[in-house]
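Data file: my_file.cif. Format and content: mmCIF, C-alpha atoms.
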```
data_data
#
loop_
_atom_site.label_atom_id
_atom_site.label_comp_id
_atom_site.auth_asym_id
_atom_site.auth_seq_id
_atom_site.Cartn_x
_atom_site.Cartn_y
_atom_site.Cartn_z
CA MET A 1 -9.19 61.37 22.36
CA GLU A 2 -9.60 65.14 22.57
CA LEU A 3 -6.69 67.05 21.00
CA GLU A 4 -5.78 70.49 22.30
CA PHE A 5 -6.21 73.17 19.64
CA PHE A 6 -2.90 74.00 17.89
CA SER A 7 -0.88 71.59 20.04
CA ALA A 8 1.86 69.47 18.42
CA ALA A 9 -0.52 66.50 18.39
CA PHE A 10 -3.23 68.59 16.71
CA LEU A 11 -0.89 69.94 14.02
CA SER A 12 0.54 66.46 13.42
CA ALA A 13 -2.93 64.98 12.99
CA LEU A 14 -3.85 67.88 10.64
CA PHE A 15 -0.70 67.30 8.59
CA THR A 16 -1.50 63.56 8.45
CA ILE A 17 -5.01 64.30 7.15
CA ILE A 18 -3.73 66.73 4.49
CA LEU A 19 -1.04 64.26 3.35
CA ILE A 20 -3.57 61.42 3.14
CA ASP A 21 -6.00 63.71 1.28
CA LEU A 22 -3.31 64.54 -1.27
CA VAL A 23 -1.98 61.04 -1.96
CA LEU A 24 -5.43 59.41 -2.04
CA ALA A 25 -7.20 62.25 -3.87
CA GLY A 26 -9.47 61.17 -6.71
CA ASP A 27 -9.16 62.69 -10.14
CA ASN A 28 -12.39 64.74 -10.14
CA ALA A 29 -11.39 66.72 -13.22
CA LEU A 30 -11.15 63.51 -15.27
CA ILE A 31 -14.52 62.24 -14.02
CA ILE A 32 -16.21 65.60 -14.72
CA GLY A 33 -14.61 65.76 -18.15
CA LEU A 34 -15.75 62.24 -19.03
CA VAL A 35 -19.30 62.73 -17.77
CA ALA A 36 -19.95 66.20 -19.18
CA ARG A 37 -18.22 65.89 -22.53
CA ASN A 38 -21.44 65.52 -24.56
CA LEU A 39 -23.44 68.25 -22.78
CA PRO A 40 -23.94 71.80 -24.14
CA LYS A 41 -21.30 74.37 -23.10
CA ASP A 42 -23.50 76.32 -20.62
CA THR A 43 -24.69 73.10 -18.97
CA GLN A 44 -21.07 71.93 -18.69
CA ASN A 45 -20.21 74.94 -16.50
CA ARG A 46 -23.17 74.23 -14.22
CA VAL A 47 -22.21 70.54 -14.06
CA ILE A 48 -18.64 71.48 -13.09
CA PHE A 49 -19.87 73.75 -10.26
CA TRP A 50 -22.62 71.53 -8.85
CA GLY A 51 -20.64 68.34 -9.39
CA THR A 52 -17.68 69.73 -7.46
CA PHE A 53 -19.96 71.15 -4.75
CA GLY A 54 -21.85 67.86 -4.39
CA ALA A 55 -18.62 65.85 -4.30
CA ILE A 56 -17.18 68.06 -1.52
CA ALA A 57 -20.42 67.93 0.46
CA ILE A 58 -20.66 64.14 0.20
CA ARG A 59 -16.97 63.80 1.10
CA ALA A 60 -17.39 65.99 4.24
CA ALA A 61 -20.56 64.14 5.29
CA MET A 62 -18.87 60.75 4.81
CA ALA A 63 -15.79 61.85 6.78
CA ILE A 64 -17.89 63.05 9.73
CA LEU A 65 -20.02 59.88 9.58
CA VAL A 66 -16.88 57.72 9.64
CA VAL A 67 -15.78 59.31 12.94
CA TYR A 68 -19.00 58.08 14.57
CA ILE A 69 -18.84 54.68 12.86
CA LEU A 70 -15.25 54.15 14.05
CA ALA A 71 -16.41 54.65 17.63
CA VAL A 72 -18.43 51.43 17.35
CA PRO A 73 -16.40 48.50 18.77
CA GLY A 74 -14.84 46.39 16.03
CA PHE A 75 -14.87 49.04 13.31
CA MET A 76 -11.50 50.51 14.35
CA LEU A 77 -9.90 47.07 13.83
CA GLY A 78 -11.66 46.62 10.48
CA GLY A 79 -10.69 50.13 9.40
CA GLY A 80 -7.06 49.55 10.41
CA LEU A 81 -6.89 46.32 8.40
CA ALA A 82 -8.46 48.09 5.41
CA LEU A 83 -5.84 50.84 5.68
CA VAL A 84 -3.04 48.24 5.48
CA TRP A 85 -4.52 47.08 2.18
CA ILE A 86 -4.96 50.70 0.97
CA ALA A 87 -1.31 51.52 1.79
CA ARG A 88 -0.13 48.41 -0.05
CA LYS A 89 -2.29 49.30 -3.05
CA LEU A 90 -0.94 52.87 -3.05
CA LEU A 91 2.64 51.63 -3.28
CA THR A 92 1.97 48.92 -5.86
CA PRO A 93 3.14 50.31 -9.22
CA ASP A 94 0.29 51.27 -11.58
CA SER A 95 -2.17 49.82 -9.11
CA ASP A 96 -5.23 52.03 -9.46
CA THR A 97 -6.58 52.57 -12.92
CA GLU A 98 -9.91 50.84 -12.60
CA ALA A 99 -12.00 53.65 -11.09
CA SER A 100 -12.39 55.60 -14.33
CA HIS A 101 -14.94 53.00 -15.48
CA LEU A 102 -17.32 54.69 -13.05
CA ALA A 103 -17.78 57.53 -15.51
CA LYS A 104 -17.03 56.07 -18.91
CA ALA A 105 -20.46 56.76 -20.38
CA PRO A 106 -21.22 60.48 -20.98
CA ALA A 107 -24.35 61.77 -19.24
CA ALA A 108 -27.32 63.04 -21.28
CA THR A 109 -28.82 65.42 -18.71
CA PHE A 110 -27.60 67.86 -16.07
CA ALA A 111 -29.05 65.84 -13.16
CA ALA A 112 -27.58 62.57 -14.44
CA ALA A 113 -24.14 64.20 -14.85
CA VAL A 114 -24.13 65.64 -11.30
CA ARG A 115 -25.39 62.34 -9.87
CA THR A 116 -22.65 60.37 -11.67
CA ILE A 117 -19.92 62.80 -10.50
CA VAL A 118 -21.10 62.65 -6.87
CA ILE A 119 -21.41 58.83 -6.86
CA ALA A 120 -18.02 58.40 -8.56
CA ASP A 121 -16.39 60.72 -6.04
CA ALA A 122 -18.07 58.95 -3.12
CA VAL A 123 -16.87 55.55 -4.37
CA MET A 124 -13.35 56.84 -5.05
CA GLY A 125 -13.21 58.61 -1.69
CA VAL A 126 -14.09 55.68 0.59
CA ASP A 127 -10.43 54.84 1.27
CA ASN A 128 -9.59 58.52 1.75
CA VAL A 129 -12.45 59.08 4.19
CA LEU A 130 -11.58 55.96 6.18
CA ALA A 131 -7.94 57.03 6.48
CA ILE A 132 -8.70 60.58 7.61
CA GLY A 133 -11.35 59.23 10.01
CA GLY A 134 -8.64 57.11 11.64
CA ALA A 135 -6.09 59.92 11.67
CA ALA A 136 -8.52 62.47 13.16
CA HIS A 137 -8.66 60.77 16.60
CA GLY A 138 -12.41 61.47 16.73
CA SER A 139 -12.07 65.23 16.18
CA ILE A 140 -14.64 66.69 13.77
CA LEU A 141 -12.75 70.01 13.80
CA LEU A 142 -9.64 68.28 12.44
CA ILE A 143 -11.61 66.66 9.62
CA VAL A 144 -13.30 69.94 8.66
CA LEU A 145 -9.96 71.81 8.76
CA GLY A 146 -8.22 69.06 6.80
CA LEU A 147 -10.93 69.11 4.12
CA ALA A 148 -10.98 72.93 4.06
CA ILE A 149 -7.25 72.99 3.35
CA SER A 150 -6.87 70.03 1.03
CA VAL A 151 -10.07 70.11 -1.07
CA PRO A 152 -9.34 73.52 -2.69
CA ILE A 153 -5.79 72.30 -3.42
CA ILE A 154 -7.11 69.14 -5.05
CA VAL A 155 -10.00 70.77 -6.96
CA TRP A 156 -8.34 73.98 -8.19
CA GLY A 157 -4.67 73.07 -7.81
CA SER A 158 -4.61 69.54 -9.15
CA GLN A 159 -1.80 70.43 -11.58
CA LEU A 160 0.25 71.68 -8.63
CA VAL A 161 -0.30 68.39 -6.77
CA ILE A 162 0.64 66.38 -9.86
CA LYS A 163 3.80 68.46 -10.38
CA LEU A 164 4.71 68.06 -6.70
CA VAL A 165 4.38 64.25 -6.63
CA ASP A 166 6.04 64.03 -10.04
CA ARG A 167 9.05 65.98 -8.76
CA PHE A 168 9.13 64.19 -5.38
CA PRO A 169 7.79 60.60 -5.70
CA SER A 170 8.99 60.03 -2.14
CA ILE A 171 5.76 61.81 -1.04
CA ILE A 172 3.90 58.68 -2.17
CA LEU A 173 6.20 56.45 -0.11
CA LEU A 174 5.73 58.79 2.86
CA GLY A 175 1.97 58.60 2.32
CA GLY A 176 2.16 54.80 2.42
CA ALA A 177 4.20 54.90 5.63
CA VAL A 178 1.76 57.37 7.24
CA LEU A 179 -1.18 55.15 6.24
CA ALA A 180 0.57 52.15 7.82
CA TRP A 181 1.25 54.20 10.97
CA THR A 182 -2.42 55.28 11.07
CA ALA A 183 -3.49 51.64 10.63
CA TYR A 184 -1.28 50.64 13.59
CA SER A 185 -2.68 53.36 15.84
CA MET A 186 -6.25 52.44 14.82
CA ILE A 187 -5.79 48.74 15.62
CA VAL A 188 -4.09 49.51 18.95
CA ARG A 189 -6.96 51.89 19.84
CA GLU A 190 -9.63 49.27 19.08
CA PRO A 191 -11.85 49.18 22.22
CA LEU A 192 -12.26 45.39 22.04
CA LEU A 193 -8.49 44.82 21.99
CA MET A 194 -7.20 47.70 24.14
CA ALA A 195 -7.15 45.72 27.40
CA TRP A 196 -5.47 42.76 25.65
CA PHE A 197 -2.75 45.01 24.22
CA GLU A 198 -2.17 46.51 27.68
CA ALA A 199 -1.72 42.99 29.08
CA HIS A 200 0.52 41.91 26.16
CA THR A 201 2.51 45.08 25.47
CA ALA A 202 5.23 43.27 23.49
CA THR A 203 2.68 42.32 20.86
CA LYS A 204 2.39 46.00 19.90
CA LEU A 205 5.91 45.89 18.47
CA ILE A 206 5.18 42.65 16.58
CA LEU A 207 1.96 44.20 15.26
CA ALA A 208 3.76 47.38 14.14
CA ILE A 209 6.44 45.45 12.24
CA LEU A 210 3.76 43.16 10.78
CA ILE A 211 1.75 46.14 9.50
CA PHE A 212 4.82 47.87 8.04
CA SER A 213 6.09 44.64 6.47
CA ILE A 214 2.74 44.08 4.69
CA SER A 215 1.99 47.70 3.78
CA LEU A 216 5.47 48.56 2.51
CA GLY A 217 5.97 45.14 0.85
CA PRO A 218 5.80 46.49 -2.75
CA TRP A 219 8.54 49.00 -1.88
CA TYR A 220 11.14 46.81 -0.21
CA SER A 221 10.47 43.80 -2.44
CA GLU A 222 11.75 45.92 -5.35
CA ARG A 223 15.07 46.33 -3.53
CA LEU A 224 15.52 42.62 -2.74
CA SER A 225 17.42 40.26 -5.00
CA GLU A 226 15.49 37.35 -6.56
CA ASN A 227 16.83 34.92 -3.93
CA MET A 228 15.63 37.15 -1.10
CA LYS A 229 12.13 37.81 -2.51
CA PRO A 230 10.48 35.05 -0.38
CA LEU A 231 11.20 37.28 2.64
CA VAL A 232 8.26 39.45 1.55
CA VAL A 233 5.97 36.52 2.46
CA LEU A 234 8.07 34.81 5.16
CA LEU A 235 8.56 37.85 7.41
CA PRO A 236 4.85 38.72 7.78
CA ALA A 237 3.98 35.00 8.05
CA LEU A 238 6.48 34.55 10.91
CA LEU A 239 5.08 37.58 12.73
CA VAL A 240 1.51 36.26 12.30
CA TRP A 241 2.75 32.89 13.68
CA MET A 242 4.16 34.63 16.78
CA LEU A 243 1.02 36.74 17.26
CA GLY A 244 -1.10 33.60 16.85
CA PHE A 245 0.60 31.96 19.85
CA GLU A 246 -0.02 35.06 21.98
CA VAL A 247 -3.68 35.03 20.97
CA ALA A 248 -3.92 31.27 21.61
CA ALA A 249 -2.37 31.74 25.04
CA SER A 250 -5.12 34.22 25.91
CA VAL A 251 -8.02 32.29 24.37
CA TRP A 252 -7.17 28.76 25.63
CA LYS A 253 -5.30 29.89 28.76
CA VAL A 254 -2.11 28.02 27.88
CA GLN A 255 1.38 28.96 28.98
CA VAL A 256 3.63 30.00 26.09
CA ASP A 257 6.37 31.71 28.11
CA TYR A 258 9.25 29.25 28.63
CA LEU A 259 10.31 30.99 31.85
CA LEU A 260 6.91 30.17 33.36
CA ALA A 261 6.49 26.70 31.82
CA ARG A 262 6.18 23.85 34.32
CA GLU A 263 4.78 20.84 32.47
CA GLN A 264 6.12 18.83 29.55
CA GLY A 265 3.21 19.96 27.35
CA GLU A 266 4.04 23.60 28.00
CA TYR A 267 7.68 23.04 27.04
CA MET A 268 6.53 21.30 23.84
CA LEU A 269 4.25 24.20 23.04
CA GLU A 270 7.15 26.57 23.57
CA GLY A 271 9.31 24.47 21.23
CA LEU A 272 6.54 24.52 18.65
CA ARG A 273 6.33 28.30 18.94
CA TRP A 274 10.02 28.92 18.25
CA LEU A 275 10.82 26.04 15.87
CA GLY A 276 7.47 24.96 14.43
CA TRP A 277 7.57 27.58 11.67
CA LEU A 278 10.81 26.19 10.21
CA PRO A 279 9.27 23.18 8.37
CA LEU A 280 6.47 25.42 7.11
CA ALA A 281 8.99 27.96 5.80
CA ALA A 282 10.99 25.16 4.15
CA ALA A 283 7.80 23.78 2.55
CA PHE A 284 6.92 27.24 1.26
CA LEU A 285 10.40 27.72 -0.23
CA TRP A 286 10.28 24.27 -1.88
CA LEU A 287 6.82 24.93 -3.33
CA ARG A 288 7.88 28.34 -4.60
CA GLU A 289 10.92 26.84 -6.28
CA GLN A 290 8.74 24.21 -7.97
CA VAL A 291 6.38 26.91 -9.25
CA VAL A 292 9.30 29.01 -10.56
CA LYS A 293 10.77 25.94 -12.32
CA ARG A 294 7.40 25.02 -13.84
CA ASN A 295 6.87 28.58 -15.07
CA ALA A 296 10.36 28.62 -16.60
CA ARG A 297 9.65 25.26 -18.34
CA SER A 298 6.31 26.47 -19.71
CA ALA A 299 7.94 29.75 -20.87
CA ARG A 300 10.58 27.71 -22.77
CA ALA A 301 7.90 25.49 -24.29
CA MET B 1 -8.62 56.94 -10.80
CA ARG B 2 -6.38 58.79 -8.36
CA LEU B 3 -4.88 62.19 -9.03
CA ILE B 4 -1.37 60.79 -8.58
CA ASP B 5 -1.98 58.30 -11.40
CA ARG B 6 -1.77 61.21 -13.85
CA SER B 7 1.97 61.26 -13.13
CA PRO B 8 3.81 58.09 -14.24
CA ARG B 9 6.66 58.93 -11.85
CA ALA B 10 4.28 59.15 -8.87
CA ALA B 11 2.27 56.08 -9.88
CA ASN B 12 5.52 54.06 -9.97
CA ALA B 13 7.07 55.74 -6.92
CA VAL B 14 8.80 52.55 -5.76
CA TRP B 15 10.91 52.64 -8.94
CA THR B 16 11.32 56.37 -9.53
CA VAL B 17 12.05 57.59 -5.99
CA SER B 18 15.40 59.32 -5.51
CA PRO B 19 17.98 57.70 -3.17
CA GLY B 20 17.77 60.71 -0.83
CA GLY B 21 13.99 60.62 -0.66
CA GLU B 22 14.04 56.88 -0.11
CA LEU B 23 16.55 57.22 2.73
CA PHE B 24 14.38 59.91 4.36
CA VAL B 25 11.18 57.82 4.22
CA ALA B 26 13.05 54.71 5.39
CA SER B 27 14.40 56.73 8.35
CA VAL B 28 10.88 57.93 9.19
CA VAL B 29 9.68 54.30 9.10
CA ILE B 30 12.55 53.31 11.44
CA CYS B 31 11.50 56.11 13.82
CA MET B 32 7.89 54.87 13.66
CA ILE B 33 8.99 51.32 14.54
CA LEU B 34 11.18 52.65 17.37
CA ALA B 35 8.20 54.64 18.66
CA SER B 36 6.07 51.48 18.63
CA PHE B 37 8.92 49.72 20.47
CA GLY B 38 8.75 52.46 23.12
CA ASP B 39 5.00 51.84 23.23
CA ALA B 40 5.56 48.09 23.60
CA VAL B 41 8.10 48.21 26.45
CA ASP B 42 6.59 48.60 29.87
CA PRO B 43 8.62 51.27 31.79
CA ALA B 44 7.79 49.48 35.07
CA TRP B 45 9.66 46.44 33.80
CA ILE B 46 12.68 48.62 32.99
CA GLY B 47 12.52 50.02 36.52
CA GLU B 48 12.48 46.51 38.01
CA ALA B 49 15.52 45.60 35.95
CA GLY B 50 17.37 48.67 37.21
CA LEU B 51 17.97 50.02 33.74
CA GLU B 52 16.22 53.34 34.19
CA VAL B 53 19.52 55.24 34.42
CA ALA B 54 20.73 53.84 31.13
CA LEU B 55 17.51 54.39 29.28
CA PHE B 56 16.11 57.58 30.78
CA ASP B 57 18.99 59.71 32.04
CA LEU B 58 21.54 59.12 29.29
CA GLY B 59 19.10 58.94 26.43
CA GLY B 60 17.00 61.89 27.58
CA GLU B 61 14.38 62.94 25.05
CA PHE B 62 16.01 60.79 22.37
CA SER B 63 15.62 57.55 24.29
CA VAL B 64 13.40 55.02 22.61
CA LEU B 65 10.97 55.03 25.51
CA ALA B 66 10.39 58.78 25.13
CA MET B 67 9.53 58.23 21.46
CA ARG B 68 6.28 56.48 22.40
CA HIS B 69 4.63 59.91 22.60
CA TRP B 70 6.08 61.25 19.37
CA HIS B 71 3.66 62.68 16.82
CA LEU B 72 4.05 62.64 13.07
CA LEU B 73 5.88 65.98 12.88
CA GLN B 74 8.40 64.77 15.48
CA LEU B 75 8.78 61.49 13.61
CA LEU B 76 9.43 63.40 10.37
CA LEU B 77 12.06 65.59 12.08
CA GLY B 78 13.61 62.53 13.73
CA GLY B 79 13.63 60.73 10.38
CA ALA B 80 15.29 63.72 8.70
CA ALA B 81 17.96 63.87 11.43
CA LEU B 82 18.57 60.12 11.13
CA ALA B 83 18.83 60.37 7.32
CA VAL B 84 21.33 63.25 7.57
CA GLY B 85 23.34 61.28 10.17
CA ILE B 86 23.43 58.18 7.97
CA THR B 87 24.50 60.29 4.95
CA VAL B 88 27.31 61.97 6.94
CA LEU B 89 28.50 58.60 8.26
CA ARG B 90 28.39 57.13 4.76
CA ILE B 91 30.37 59.98 3.21
CA GLY B 92 32.84 60.07 6.12
CA GLY B 93 33.26 56.29 6.10
CA THR B 94 33.77 56.17 2.34
CA THR B 95 36.40 58.93 2.53
CA PHE B 96 38.15 57.22 5.44
CA PHE B 97 38.34 53.80 3.81
CA LYS B 98 39.34 55.34 0.48
CA ALA B 99 42.31 56.98 2.21
CA LEU B 100 43.32 53.64 3.76
CA ARG B 101 43.27 51.81 0.44
CA PRO B 102 46.87 51.32 -0.80
CA ALA B 103 47.83 52.62 -4.19
CA PRO B 104 48.56 49.95 -6.84
CA SER B 105 52.16 48.74 -6.44
CA GLY B 106 53.03 49.36 -10.09
CA GLY B 107 51.12 52.61 -10.29
CA VAL B 108 52.87 55.63 -11.74
CA GLU B 109 51.43 57.89 -9.08
CA LYS B 110 52.29 55.68 -6.10
CA VAL B 111 54.16 58.62 -4.66
CA PRO B 112 51.90 61.56 -5.37
CA ILE B 113 54.70 63.95 -6.28
CA LYS B 114 54.70 65.48 -9.71
CA LEU B 115 58.10 66.07 -11.27
#
```

Represent the structure contained in this file as structure tokens.
Amino acid sequence: MELEFFSAAFLSALFTIILIDLVLAGDNALIIGLVARNLPKDTQNRVIFWGTFGAIAIRAAMAILVVYILAVPGFMLGGGLALVWIARKLLTPDSDTEASHLAKAPAATFAAAVRTIVIADAVMGVDNVLAIGGAAHGSILLIVLGLAISVPIIVWGSQLVIKLVDRFPSIILLGGAVLAWTAYSMIVREPLLMAWFEAHTATKLILAILIFSISLGPWYSERLSENMKPLVVLLPALLVWMLGFEVAASVWKVQVDYLLAREQGEYMLEGLRWLGWLPLAAAFLWLREQVVKRNARSARA
Amino acid sequence: MRLIDRSPRAANAVWTVSPGGELFVASVVICMILASFGDAVDPAWIGEAGLEVALFDLGGEFSVLAMRHWHLLQLLLGGAALAVGITVLRIGGTTFFKALRPAPSGGVEKVPIKL
């Protein structure tokens, strides 16, 4: 999709890219500090410059590459599903502390330090690049502009970013919501599924609620009472159940619309669609209760 | 490690978010779901049902079907407007029901006149 320069759609996509860049930004300063801590002072300065330069260059190259990769049928769907997981991970409290192991050992030489910084940034930036690739709607200009605006903020204004998200943690929640929205638009734009979505327009709403219910699960589950917590699993499961019948209707050419049903089998299928999930939900609730009771017993013991 | 993980408040945003910020983001999410609803409903079907007057003319730009083309900036503005509306309704409703609540029968200040 070609976006007109400085149109509302263009500015919105640019804002989305900058927001995603900020909330998913890797801590380059920490990586550089860890890698270069044992090097001589003059080499440290060179490592900081070339490490930052290499990280930005790799990030830009990856972002542009992702635009072309996402054009391949199937990758938009995969990218969208990955974004759902990334959004969920972003909102999960204290979720991402494992990446610093990438640079735990200090480097002995200049080349090794720069290589470690670039590799660590590339690994940390995969989710970021994927998200901005999906939000860019295939526009290289948007990606370059987004990186040109956000990379200097992240590299030289990291304290500003930290202060901003510390003062307004709702930016993180907004980032999660924008990632979920980007995931929805990527899945709906998947070339392999586009015709199917046009034929089954109602499934778009089910898909949107499914994506939001999974991505924002860590947020709303915190607001639910203990008795209502199973909803975090039951709501997405019910939506998957409904989507599954729509997919089955297309794949096996069966009638799942009760207004169009004519045979007894079709009515039974319709009944299964609307009521079949109830025993499964009851079984899940019973199992969950047993697990909670067993955990409470073992905690007492 | 992400940059936001340097701030404990940001890393635990689901716990530390302010009620106002939470309401704003929740309103934006509602707008996003409404926009996807507009995307999901086929306008031709609405036309067949004869509901176009109700949904297009009265709702105008704010009708759910028009939201299918909304971009992120519009969704953010819509979310902000919705959050402000909910806050106003909440404050107004609380004030209204507070005024309706009878004073305790044995209360000294049942008649609010100071002697």

Item to check | Test item: the PyMOL selection byres ((chain B) within 9 of (chain A)) resolved as a VMD selection string | outcome: chain B and resid 1 to 18 20 to 22 24 to 26 28 to 29 32 to 34 36 to 42 70 to 74

Item to check | Residues within 12 Å of A:Leu147, all atoms listed in the file, excluding chain neighbours under 3 positions, as a PyMOL selection string | outcome: chain A and resi 14-22+25+55-64+128-129+132-133+136+140-144+150-155

Item to check | Point-to-point distance from atom CA of A:Ile32 to atom CA of A:Ala113, Å rounded to tenths | outcome: 8.1 Å

Checklist entry - Just how far from atom CA of A:Phe245 is atom CA of A:Glu270, in Å to one decimal? => result 9.3 Å

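Put simply, the PyMOL selection byres ((chain A and resi 283-288) around 12) on this file hits Glu226, Asn227, Met228, Lys229, Pro230, Leu231, Val233, Leu234, Ala237, Gly276, Trp277, Leu278, Pro279, Leu280, Ala281, Ala282, Glu289, Gln290, Val291, Val292, Lys293, Arg294 and Asn295 of chain A.
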
File of the preceding selection, C-alpha atoms, as a compact mmCIF listing (two decimals), in the frame of the given file:
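The new file again14.txt reads:
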```
# COMPACT_ATOMS: atom_id res chain seq x y z
CA GLU A 226 15.49 37.35 -6.56
CA ASN A 227 16.83 34.92 -3.93
CA MET A 228 15.63 37.15 -1.10
CA LYS A 229 12.13 37.81 -2.51
CA PRO A 230 10.48 35.05 -0.38
CA LEU A 231 11.20 37.28 2.64
CA VAL A 233 5.97 36.52 2.46
CA LEU A 234 8.07 34.81 5.16
CA ALA A 237 3.98 35.00 8.05
CA GLY A 276 7.47 24.96 14.43
CA TRP A 277 7.57 27.58 11.67
CA LEU A 278 10.81 26.19 10.21
CA PRO A 279 9.27 23.18 8.37
CA LEU A 280 6.47 25.42 7.11
CA ALA A 281 8.99 27.96 5.80
CA ALA A 282 10.99 25.16 4.15
CA GLU A 289 10.92 26.84 -6.28
CA GLN A 290 8.74 24.21 -7.97
CA VAL A 291 6.38 26.91 -9.25
CA VAL A 292 9.30 29.01 -10.56
CA LYS A 293 10.77 25.94 -12.32
CA ARG A 294 7.40 25.02 -13.84
CA ASN A 295 6.87 28.58 -15.07
```

What box, with edges along x, y and z, holds each listed atom of stretch 141-157 of chain A when 6 Å is added on every side, and can you state its centre and edge lengths in Å to one decimal, as AutoDock Vina command-line options?
```
--center_x -9.0 --center_y 70.3 --center_z 2.8 --size_x 20.6 --size_y 19.3 --size_z 34.0
```

Item to check | Residue neighbourhood A:Met186, 8 Å, all atoms listed in the file, exclusion window fewer than 5 positions, as a PyMOL selection string | outcome: chain A and resi 76-77+79-80+134

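Between atom CA of A:Arg88 and atom CA of A:Trp274 the separation is 28.6 Å.
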
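Using the PyMOL selection byres ((chain A and resi 246) around 10) on the file at hand returns these residues: His200, Ala202, Thr203, Val240, Trp241, Met242, Leu243, Gly244, Phe245, Val247, Ala248, Ala249, Ser250, Val251, Val254, Gln255, Val256, Asp257 and Arg273 of chain A.
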